[in-house]
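Colleague: To start, I am sharing the structure in question, which I have written as structure tokens.
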Amino acid sequence: MLFSAAMAKTLATLFLLFPACGAPGSGGGGAAGDDPFDSALDADSDADGDVVDDGGDADSDADSDVVDDPEICDGFDDDGNGLVDEGCECEADASQDCWTGPDAVAGVGACTMGTQTCVLDGEFPEWGDCTGQGSPEAEVCGDGADQDCDGEDEPCEIVDVAIDIDGDCVTAECPPDHPFPVGCDVVFEGGDSRGCVAYDPPSSSIYFQEGDVCNAGHLSGTITCSTEPGDGLDEDNCPINKDDPFYVTDPDDCPGDGGGPFGF
């Protein structure tokens, strides 16, 4: 007699509600340390996606139940043996999305679903290996990607540092605990239409120059500093109050008769 997926899930629920007498058996799955999901998603030593020890995960699958779950024909590794939909009927050469990791992160961020193909092995076709699925990695803040599969890109920690500097051809520094400039919003208080911002990542210093006359004028505003390096500074992330702005990586490329802050 063949069971439908719904019937199988119902039976699994009944087994969980009314477990058999005696201690649950320990499974023979691979070590948790070999599982990419354990290192990236799991702060404890078991094989599930929780961040604390469950104290009751005595079987071999990747959840906190104390009994093995049955395999259901659903594209997931329900019994935690590393195989997907083994024993399920399929049509030769058909393919489907598949997943062998924790259900909660399937298809989230870098944890993209894999693919498996129905192959003829002997008399009956069966589902082959699940290949090409993504896995979690260490999160990189502020890059628009979700590497750790938690559903969001972690924002970088940033601070705004006020600057108030007399003169021109000056530098401003990010603090040691947030050493990377990722933006600015400054005002040059002088009469020249030109303003220059020179920044070469990942330096912690930004060079500011108005026109081509040093030691004149005043600079005020804020620089934005991060715990992670940025791509550089431009008119979008570092606006200045000049009609002719320059954004360069080398101070020598700022306006000047001889080039640079002292080559006039």
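As shown in the structure tokens, the chain order sets the letters A, B, ...; within each chain, residues go from 1, and ligands are also counted from 1 in the order they appear.
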As JSON, numbers by chain, please: all residues of region 80-124 of chain A that backbone DSSP puts in strand (DSSP E or B).

Modeller: {"A": [95, 96, 97, 98, 99, 108, 111, 114, 115, 116, 117, 118, 119, 120, 121, 124]}

Colleague: Within 9 Å of Cys73 (chain A), counting only C-alpha atoms, which residues qualify if same-chain residues fewer than 3 places away don't, as a list in words?

Modeller: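 Counting only the stated atoms, we get Ser4, Ala5, Phe76, Asp78, Val84, Asp85, Glu86, Gly87, Cys88 and Glu89 of chain A.
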
Colleague: May I have the residues from that selection written out with N, CA and C atoms, as a tab-separated table (two decimals), in the first residue's frame?

Modeller:
```
chain	number	residue	atom	x	y	z
A	4	SER	N	0.43	8.51	0.89
A	4	SER	CA	0.62	9.86	0.35
A	4	SER	C	1.50	10.65	1.30
A	5	ALA	N	2.00	11.81	0.81
A	5	ALA	CA	2.82	12.67	1.67
A	5	ALA	C	2.04	13.12	2.89
A	76	PHE	N	12.96	17.37	0.30
A	76	PHE	CA	13.79	17.63	1.47
A	76	PHE	C	14.32	16.33	2.06
A	78	ASP	N	14.14	14.58	4.86
A	78	ASP	CA	13.34	14.55	6.09
A	78	ASP	C	13.94	13.66	7.17
A	84	VAL	N	17.82	12.71	-0.51
A	84	VAL	CA	16.54	13.39	-0.68
A	84	VAL	C	15.59	12.49	-1.46
A	85	ASP	N	14.43	12.23	-0.87
A	85	ASP	CA	13.35	11.48	-1.52
A	85	ASP	C	13.77	10.09	-1.99
A	86	GLU	N	14.66	9.44	-1.20
A	86	GLU	CA	15.00	8.06	-1.54
A	86	GLU	C	13.76	7.18	-1.36
A	87	GLY	N	13.55	6.27	-2.30
A	87	GLY	CA	12.38	5.40	-2.25
A	87	GLY	C	11.14	6.01	-2.86
A	88	CYS	N	11.20	7.26	-3.28
A	88	CYS	CA	10.04	7.91	-3.88
A	88	CYS	C	9.98	7.61	-5.38
A	89	GLU	N	8.79	7.49	-5.90
A	89	GLU	CA	8.62	7.26	-7.33
A	89	GLU	C	8.94	8.52	-8.11
```

Colleague: Mind dumping a table of every region 85-194 of chain A residue within 6 Å of region 235-255 of chain A, with the nearest atom pair and its distance in Å to one decimal, using only C-alpha atoms, sorted by chain and rising number, as a Markdown table?

Modeller:
```
| residue | atom | partner | partner_atom | distance |
| --- | --- | --- | --- | --- |
| A:Gly183 | CA | A:Cys238 | CA | 4.9 |
| A:Cys184 | CA | A:Cys238 | CA | 4.2 |
| A:Asp185 | CA | A:Pro239 | CA | 5.3 |
| A:Val186 | CA | A:Ile240 | CA | 5.4 |
| A:Val187 | CA | A:Asn241 | CA | 5.6 |
| A:Ser193 | CA | A:Lys242 | CA | 5.4 |
| A:Arg194 | CA | A:Asp244 | CA | 4.7 |
```

Colleague: Work out how far CA of Gly134 (chain A) is from CA of Asp148 (chain A), in Å to one decimal.

Modeller: 10.6 Å

Colleague: Of the residues A:Val182, A:Cys130, A:Ala216, A:Ala138, which is the one nearest to Asp160 (chain A), using only C-alpha atoms?

Modeller: A:Val182

Colleague: One decimal, Å: what's the distance from CA of Gly221 (chain A) over to CA of Phe188 (chain A), could you say?

Modeller: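 It comes out at 9.0 Å.
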
Colleague: Name the closest residue to Cys141 (chain A) among the candidates A:Gly75, A:Pro102, A:Pro70, A:Pro155; distances are taken between atoms, counting only C-alpha atoms.

Modeller: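 Of A:Gly75, A:Pro102, A:Pro70, A:Pro155, the one nearest Cys141 (chain A), counting only C-alpha atoms, is A:Pro155.
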
Colleague: Which residues are close to Thr117 (chain A), i.e. within 10 Å by only C-alpha atoms, leaving aside same-chain residues fewer than 5 positions away? Reply as a VMD selection string.

Modeller: chain A and resid 90 to 98 125 to 131

Colleague: Output C-alpha atoms for every residue in the selection just made, as a CSV table (one decimal), in the first residue's frame.

Modeller:
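So selection.csv came out as:
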```
chain,number,residue,atom,x,y,z
A,90,CYS,CA,9.8,9.5,-10.2
A,91,GLU,CA,9.8,9.6,-13.9
A,92,ALA,CA,13.1,9.1,-15.6
A,93,ASP,CA,14.9,12.3,-16.6
A,94,ALA,CA,12.6,14.5,-14.5
A,95,SER,CA,14.2,17.0,-12.2
A,96,GLN,CA,13.2,18.9,-9.1
A,97,ASP,CA,14.5,21.3,-6.5
A,98,CYS,CA,16.1,19.7,-3.5
A,125,PRO,CA,13.9,5.0,-11.7
A,126,GLU,CA,14.9,6.8,-8.6
A,127,TRP,CA,16.0,10.3,-7.5
A,128,GLY,CA,19.7,10.9,-7.8
A,129,ASP,CA,22.0,13.0,-5.7
A,130,CYS,CA,21.1,16.6,-4.7
A,131,THR,CA,23.7,18.8,-6.3
```

Colleague: What is the CA of Cys156 (chain A) to CA of Val140 (chain A) distance in Å?

Modeller: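 Going from CA of Cys156 (chain A) over to CA of Val140 (chain A), I get 8.4 Å.
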
Colleague: Applying 8 Å and only C-alpha atoms, which residues near Ile158 (chain A) remain after dropping the ones on its own chain fewer than 5 positions away? List them as a ChimeraX atom specification.

Modeller: /A:178,224-227

Colleague: Put those residues in a file: C-alpha atoms, as an mmCIF file, in the first residue's frame.

Modeller:
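Dumped to part-v4.cif:
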```cif
data_model
loop_
_atom_site.group_PDB
_atom_site.id
_atom_site.type_symbol
_atom_site.label_atom_id
_atom_site.label_comp_id
_atom_site.auth_asym_id
_atom_site.auth_seq_id
_atom_site.Cartn_x
_atom_site.Cartn_y
_atom_site.Cartn_z
ATOM 1 C CA HIS A 178 35.874 52.400 13.187
ATOM 2 C CA THR A 224 31.231 58.538 8.285
ATOM 3 C CA CYS A 225 33.461 55.728 9.547
ATOM 4 C CA SER A 226 32.816 51.964 9.541
ATOM 5 C CA THR A 227 34.174 48.759 10.994
#
```

Colleague: For region 202-215 of chain A, work out the shell of residues within 9 Å, counting only C-alpha atoms and skipping chain neighbours fewer than 6 positions away, then give it as a ChimeraX atom specification.

Modeller: /A:166-176,178-181,188-196,223,225,229-232,242,250-251,254-257,259-262,264

Colleague: Output the selection as a tab-separated table (two decimals), in the first residue's frame - N, CA and C atoms for each residue.

Modeller:
```tsv
chain	number	residue	atom	x	y	z
A	166	ASP	N	40.45	74.46	10.71
A	166	ASP	CA	40.90	75.69	10.05
A	166	ASP	C	41.95	75.35	9.00
A	167	GLY	N	41.90	76.08	7.88
A	167	GLY	CA	42.89	75.92	6.84
A	167	GLY	C	42.36	75.10	5.67
A	168	ASP	N	43.27	74.73	4.78
A	168	ASP	CA	42.95	73.99	3.58
A	168	ASP	C	44.05	72.96	3.37
A	169	CYS	N	43.86	72.04	2.42
A	169	CYS	CA	44.81	70.95	2.21
A	169	CYS	C	45.01	70.21	3.52
A	170	VAL	N	43.91	69.70	4.08
A	170	VAL	CA	43.91	69.09	5.40
A	170	VAL	C	43.44	67.64	5.30
A	171	THR	N	43.72	66.88	6.36
A	171	THR	CA	43.26	65.50	6.43
A	171	THR	C	42.40	65.31	7.66
A	172	ALA	N	41.46	64.37	7.55
A	172	ALA	CA	40.62	63.97	8.68
A	172	ALA	C	40.78	62.46	8.85
A	173	GLU	N	40.76	62.00	10.10
A	173	GLU	CA	41.03	60.60	10.40
A	173	GLU	C	39.80	59.93	11.03
A	174	CYS	N	39.57	58.68	10.64
A	174	CYS	CA	38.59	57.86	11.34
A	174	CYS	C	39.22	57.28	12.60
A	175	PRO	N	38.43	57.03	13.64
A	175	PRO	CA	38.98	56.50	14.90
A	175	PRO	C	39.39	55.04	14.75
A	176	PRO	N	40.27	54.56	15.62
A	176	PRO	CA	40.77	53.18	15.51
A	176	PRO	C	39.68	52.11	15.59
A	178	HIS	N	36.64	52.35	14.44
A	178	HIS	CA	35.87	52.40	13.19
A	178	HIS	C	36.79	53.01	12.12
A	179	PRO	N	37.78	52.27	11.65
A	179	PRO	CA	38.90	52.87	10.92
A	179	PRO	C	38.67	53.17	9.45
A	180	PHE	N	37.51	52.80	8.89
A	180	PHE	CA	37.35	52.88	7.44
A	180	PHE	C	36.33	53.95	7.03
A	181	PRO	N	36.78	55.01	6.33
A	181	PRO	CA	35.84	56.03	5.83
A	181	PRO	C	34.92	55.45	4.76
A	188	PHE	N	33.12	73.39	2.60
A	188	PHE	CA	34.32	74.22	2.46
A	188	PHE	C	33.89	75.68	2.59
A	189	GLU	N	34.55	76.44	3.46
A	189	GLU	CA	34.19	77.84	3.67
A	189	GLU	C	35.25	78.72	2.99
A	190	GLY	N	35.16	78.80	1.70
A	190	GLY	CA	36.07	79.61	0.90
A	190	GLY	C	35.39	79.98	-0.41
A	191	GLY	N	36.03	80.84	-1.20
A	191	GLY	CA	35.39	81.37	-2.39
A	191	GLY	C	35.66	80.62	-3.68
A	192	ASP	N	36.45	79.56	-3.66
A	192	ASP	CA	36.77	78.84	-4.89
A	192	ASP	C	35.64	77.87	-5.23
A	193	SER	N	35.36	77.70	-6.51
A	193	SER	CA	34.29	76.80	-6.94
A	193	SER	C	34.72	75.34	-6.93
A	194	ARG	N	36.02	75.09	-6.73
A	194	ARG	CA	36.54	73.73	-6.79
A	194	ARG	C	36.76	73.17	-5.38
A	195	GLY	N	36.42	71.91	-5.23
A	195	GLY	CA	36.69	71.19	-3.99
A	195	GLY	C	37.13	69.78	-4.32
A	196	CYS	N	38.09	69.29	-3.57
A	196	CYS	CA	38.66	67.97	-3.89
A	196	CYS	C	38.65	67.08	-2.65
A	223	ILE	N	32.52	63.07	8.83
A	223	ILE	CA	32.94	61.93	8.02
A	223	ILE	C	32.31	60.68	8.65
A	225	CYS	N	32.42	56.74	9.39
A	225	CYS	CA	33.46	55.73	9.55
A	225	CYS	C	32.83	54.39	9.92
A	229	PRO	N	35.73	47.95	5.46
A	229	PRO	CA	36.13	48.84	4.36
A	229	PRO	C	35.00	49.07	3.37
A	230	GLY	N	35.00	50.24	2.75
A	230	GLY	CA	34.07	50.55	1.68
A	230	GLY	C	34.77	50.56	0.34
A	231	ASP	N	34.04	50.93	-0.70
A	231	ASP	CA	34.60	50.93	-2.05
A	231	ASP	C	35.30	52.23	-2.41
A	232	GLY	N	35.11	53.26	-1.63
A	232	GLY	CA	35.69	54.57	-1.96
A	232	GLY	C	34.68	55.67	-1.74
A	242	LYS	N	30.50	72.31	-3.54
A	242	LYS	CA	31.25	72.96	-4.61
A	242	LYS	C	30.65	72.61	-5.96
A	250	ASP	N	44.48	59.99	-5.07
A	250	ASP	CA	45.79	60.55	-4.74
A	250	ASP	C	45.68	62.06	-4.62
A	251	PRO	N	46.12	62.66	-3.50
A	251	PRO	CA	46.06	64.12	-3.36
A	251	PRO	C	46.76	64.86	-4.49
A	254	CYS	N	44.50	66.36	-7.17
A	254	CYS	CA	43.61	67.49	-6.92
A	254	CYS	C	44.07	68.69	-7.75
A	255	PRO	N	43.20	69.70	-7.97
A	255	PRO	CA	43.57	70.85	-8.80
A	255	PRO	C	44.79	71.59	-8.25
A	256	GLY	N	45.61	72.11	-9.12
A	256	GLY	CA	46.78	72.87	-8.71
A	256	GLY	C	47.68	73.11	-9.88
A	257	ASP	N	48.36	74.25	-9.89
A	257	ASP	CA	49.24	74.58	-11.02
A	257	ASP	C	50.29	73.52	-11.26
A	259	GLY	N	50.09	70.51	-9.54
A	259	GLY	CA	49.54	69.25	-9.07
A	259	GLY	C	49.85	69.04	-7.62
A	260	GLY	N	48.86	68.66	-6.85
A	260	GLY	CA	49.08	68.32	-5.46
A	260	GLY	C	49.02	69.53	-4.55
A	261	PRO	N	49.01	69.28	-3.26
A	261	PRO	CA	48.79	70.36	-2.29
A	261	PRO	C	49.92	71.37	-2.18
A	262	PHE	N	51.14	70.97	-2.54
A	262	PHE	CA	52.26	71.89	-2.38
A	262	PHE	C	52.98	72.18	-3.68
A	264	PHE	N	52.31	74.25	-6.24
A	264	PHE	CA	51.66	75.37	-6.94
A	264	PHE	C	52.71	76.26	-7.62
```
